[in-house]
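Heads up: the structure comes next, in structure tokens.
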Amino acid sequence: MTIAAHPQAVRPLKKRIADASEPYLYSAPALILIVTVMLVPLALGISYAFRDIQLLNPFSGGFIGLDHFRALSEDQAFFRALRNTLWWTGASVFLQFILGLILALLLDKPFAGRGIAQALVFLPWAVPSFLAGLNWAWLFNPVIGPLPHWMYALGIVDAPNNILSDPHLAMWGPIVANVWWGIPFFAITLLAALQAIPRDLYEAASIDGAGPVQRFLSITLPFLAPTIAITILLRTVWISNFADLIVVMTNGGPADRTQIVASYIFTQAFKRLDFGYASAIALVLLVLLLAYSMLIVLLRQTLLNKG
């Protein structure tokens with residue numbers, strides 16, 4: 001009896017194991033791809049931060065511990081790039097959000113040709129960042145571009161010079177280009193969130209005598225708050241790591257006034273060929289962005305719980 005019952009007991013156990021492993025087998029290709037494409041390079045990059053990786057030095061590659069981070073703590077160029085990153089990211093995200101929200105509110109109203117307007121709003125997002133930076137660099141060039149002459153006519157600058165060569169104004173060039181390029185992200189995302197708000201809430205508020213500002217503060221803004229939190233999080237992380245426009249337009253100059261951490265990493269890795277030091281800088285930026293992301297996620301969760 002015991003020997004005969006043994007195969008009967010084994011088969012259900014195998015079936016339970018097969019049923020339990022089935023979801024993992026289905027997701028295995030995606031998990032393998034994620035590990036191969038994302039986690040393995042991440043682990044290698046983190047390991048480089050603790051090693052001496054210089055492409056021009058054939059004797060490099062050894063473990064050096066925290067030497068890169070000690071050098072980083074005394075690197076004034078890094079701290080200057082960190083301050084520039086705060087200015088570059090804060091101004092870009094703030095202006096993109098404000099202008100994107102205004103644009104979303106305008107596109108939320110029905111009018112003739114709204115579909116075409118929405119398509120045109122999305123157009124800058126489809127332009128490659130390298131091409132956008134090149135076009136804006138030309139626009140700020142007083143020889144071939146109109147912007148310096150317009151700013152001079154409006155009294156914004158004393159002479160129609162290229163602001164990208166002015167240490168005090170150079171950062172505004174990439175910021176303006178970044179705002180133009182990134183507004184569609186906020187506009188389209190916030191427009192989708194606006195269209196999900198029940199219209200009867202606005203009708204009830206109008207009947208109760210609420211004006212446009214009151215309806216915006218009491219209905220629109222609370223409904224948009226979770227979406228605003230996640231979009232600001234995504235754009236902040238994205239812009240902090242986004243060096244394309246700066247590399248194309250100013251290359252970090254003049255006098256490192258537009259050098260941000262991401263472009264400083266690019267300079268260390270691909271110009272000085274010091275991948276170890278560049279990896280250490282990237283690891284510090286990763287930790288800072290993770291801390292910021294956790295704060296925004298907690299804030300968003302708090303808003304969702306209140307809602």
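Scheme for the structure tokens: letters A, B, ... for chains in order shown; per-chain residue numbers from 1; ligand numbers from 1 in order shown.
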Checklist entry - Which polymer residues have any atom within 7 Å of an atom of region 130-146 of chain A, counting only C-alpha atoms, with same-chain residues fewer than 4 positions away left out, as number ranges by chain? => result A: 150, 160-163, 177, 244-245, 248-249
Next on the checklist: Set the distance at 12 Å and use only C-alpha atoms: which residues neighbour Leu299 (chain A) once local chain neighbours fewer than 4 positions away are removed? I'd like the list as a list in words.
Outcome noted: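 These residues fall inside the cut-off: Ala225, Pro226, Thr227, Ile228, Ala229, Ile230, Ile232, Leu233, Tyr292, Ser293, Met294, Leu295, Leu303, Leu304, Asn305 and Lys306 of chain A.
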Next on the checklist: Residues of region 55-275 of chain A classed as helix (DSSP H, G or I) by DSSP on the backbone are to be reported as a VMD selection string.
Outcome noted: chain A and resid 67 to 73 76 to 107 114 to 126 129 to 139 147 to 153 163 to 165 172 to 195 199 to 207 212 to 240 244 to 249 261 to 270 275
Item to check | Closest of A:Leu39, A:Leu66, A:Ile188, A:Leu289 to Trp238 (chain A) - atom-to-atom distances counting only C-alpha atoms | outcome: A:Leu289
Contact check, region 115-208 of chain A to region 93-96 of chain A, at most 10 Å, counting only C-alpha atoms, closest pairs as a tab-separated table:
residue	atom	partner	partner_atom	distance
A:Ile175	CA	A:Leu95	CA	9.1
A:Val176	CA	A:Leu95	CA	9.1
A:Asn178	CA	A:Gln96	CA	8.3
A:Val179	CA	A:Gln96	CA	5.2
A:Trp180	CA	A:Gln96	CA	7.8
A:Trp181	CA	A:Gln96	CA	8.9
A:Gly182	CA	A:Gln96	CA	6.2
A:Ile183	CA	A:Gln96	CA	4.9
A:Pro184	CA	A:Gln96	CA	8.5
A:Phe185	CA	A:Gln96	CA	8.5
A:Phe186	CA	A:Gln96	CA	6.9
A:Ala187	CA	A:Gln96	CA	8.8
Item to check | 12 Å contact set for Gly252 (chain A), only C-alpha atoms, chain neighbours under 2 positions out, as JSON, numbers by chain | outcome: {"A": [77, 80, 81, 84, 85, 164, 165, 167, 170, 171, 173, 174, 243, 244, 245, 246, 247, 248, 249, 250, 254, 255, 256, 257, 258, 259, 260, 261, 262, 263, 264, 265, 266, 267]}
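The shortest atom-to-atom distance to Leu101 (chain A), with only C-alpha atoms taken into account, belongs to A:Thr220 out of A:Ser27, A:Thr220, A:Ser60, A:Ser73.
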Item to check | Residue with smallest distance to Ala71 (chain A) - pool A:Gly113, A:Pro58, A:Gly276, A:Pro212, counting only C-alpha atoms | outcome: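 Comparing A:Gly113, A:Pro58, A:Gly276, A:Pro212 against Ala71 (chain A), the winner is A:Gly276.
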Item to check | Surrounding residues of Ser47 (chain A) excluding itself and chain neighbours under 5 positions, 12 Å, only C-alpha atoms, as a list in words | outcome: Val40, Pro41, Leu42, Asp52, Ile53, Gly61, Gly62, Phe63, Ile64, Gly65, Leu66, His68, Phe275, Gly276, Tyr277, Ala278, Ser279, Ala280, Ala282 and Leu283 of chain A
Any chance you could export the current selection's C-alpha atoms as a PDB file, in the first residue's frame?
ATOM      1  CA  VAL A  40      24.892  44.030 -14.925  1.00  0.00           C
ATOM      2  CA  PRO A  41      26.102  47.429 -16.286  1.00  0.00           C
ATOM      3  CA  LEU A  42      24.950  49.066 -13.045  1.00  0.00           C
ATOM      4  CA  ASP A  52      41.466  52.803 -10.872  1.00  0.00           C
ATOM      5  CA  ILE A  53      40.116  52.588 -14.443  1.00  0.00           C
ATOM      6  CA  GLY A  61      42.399  48.521 -12.983  1.00  0.00           C
ATOM      7  CA  GLY A  62      43.314  47.750  -9.391  1.00  0.00           C
ATOM      8  CA  PHE A  63      41.123  48.198  -6.332  1.00  0.00           C
ATOM      9  CA  ILE A  64      41.732  51.567  -4.635  1.00  0.00           C
ATOM     10  CA  GLY A  65      38.868  51.665  -2.126  1.00  0.00           C
ATOM     11  CA  LEU A  66      37.517  55.130  -1.340  1.00  0.00           C
ATOM     12  CA  HIS A  68      38.032  58.476  -5.699  1.00  0.00           C
ATOM     13  CA  PHE A 275      36.227  55.870 -15.985  1.00  0.00           C
ATOM     14  CA  GLY A 276      36.925  55.163 -12.318  1.00  0.00           C
ATOM     15  CA  TYR A 277      36.588  58.777 -11.207  1.00  0.00           C
ATOM     16  CA  ALA A 278      33.605  59.306 -13.526  1.00  0.00           C
ATOM     17  CA  SER A 279      31.898  56.262 -11.979  1.00  0.00           C
ATOM     18  CA  ALA A 280      32.461  57.656  -8.489  1.00  0.00           C
ATOM     19  CA  ALA A 282      27.918  59.000 -11.093  1.00  0.00           C
ATOM     20  CA  LEU A 283      27.467  56.958  -7.915  1.00  0.00           C
TER      21      LEU A 283
END
Checklist outcome for this item: The distance between CA of Leu44 (chain A) and CA of Ala269 (chain A) is 14.5 Å
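Across the structure, CA of Ile239 (chain A) and CA of Pro124 (chain A) are spaced 15.9 Å apart.
Using only C-alpha atoms for every distance, the candidate list A:Trp172, A:Ser129, A:Leu224, A:Arg300 yields A:Trp172 as the residue closest to Ser92 (chain A).
Here CA of Ala153 (chain A) stands at a distance of 18.3 Å from CA of Asp166 (chain A).
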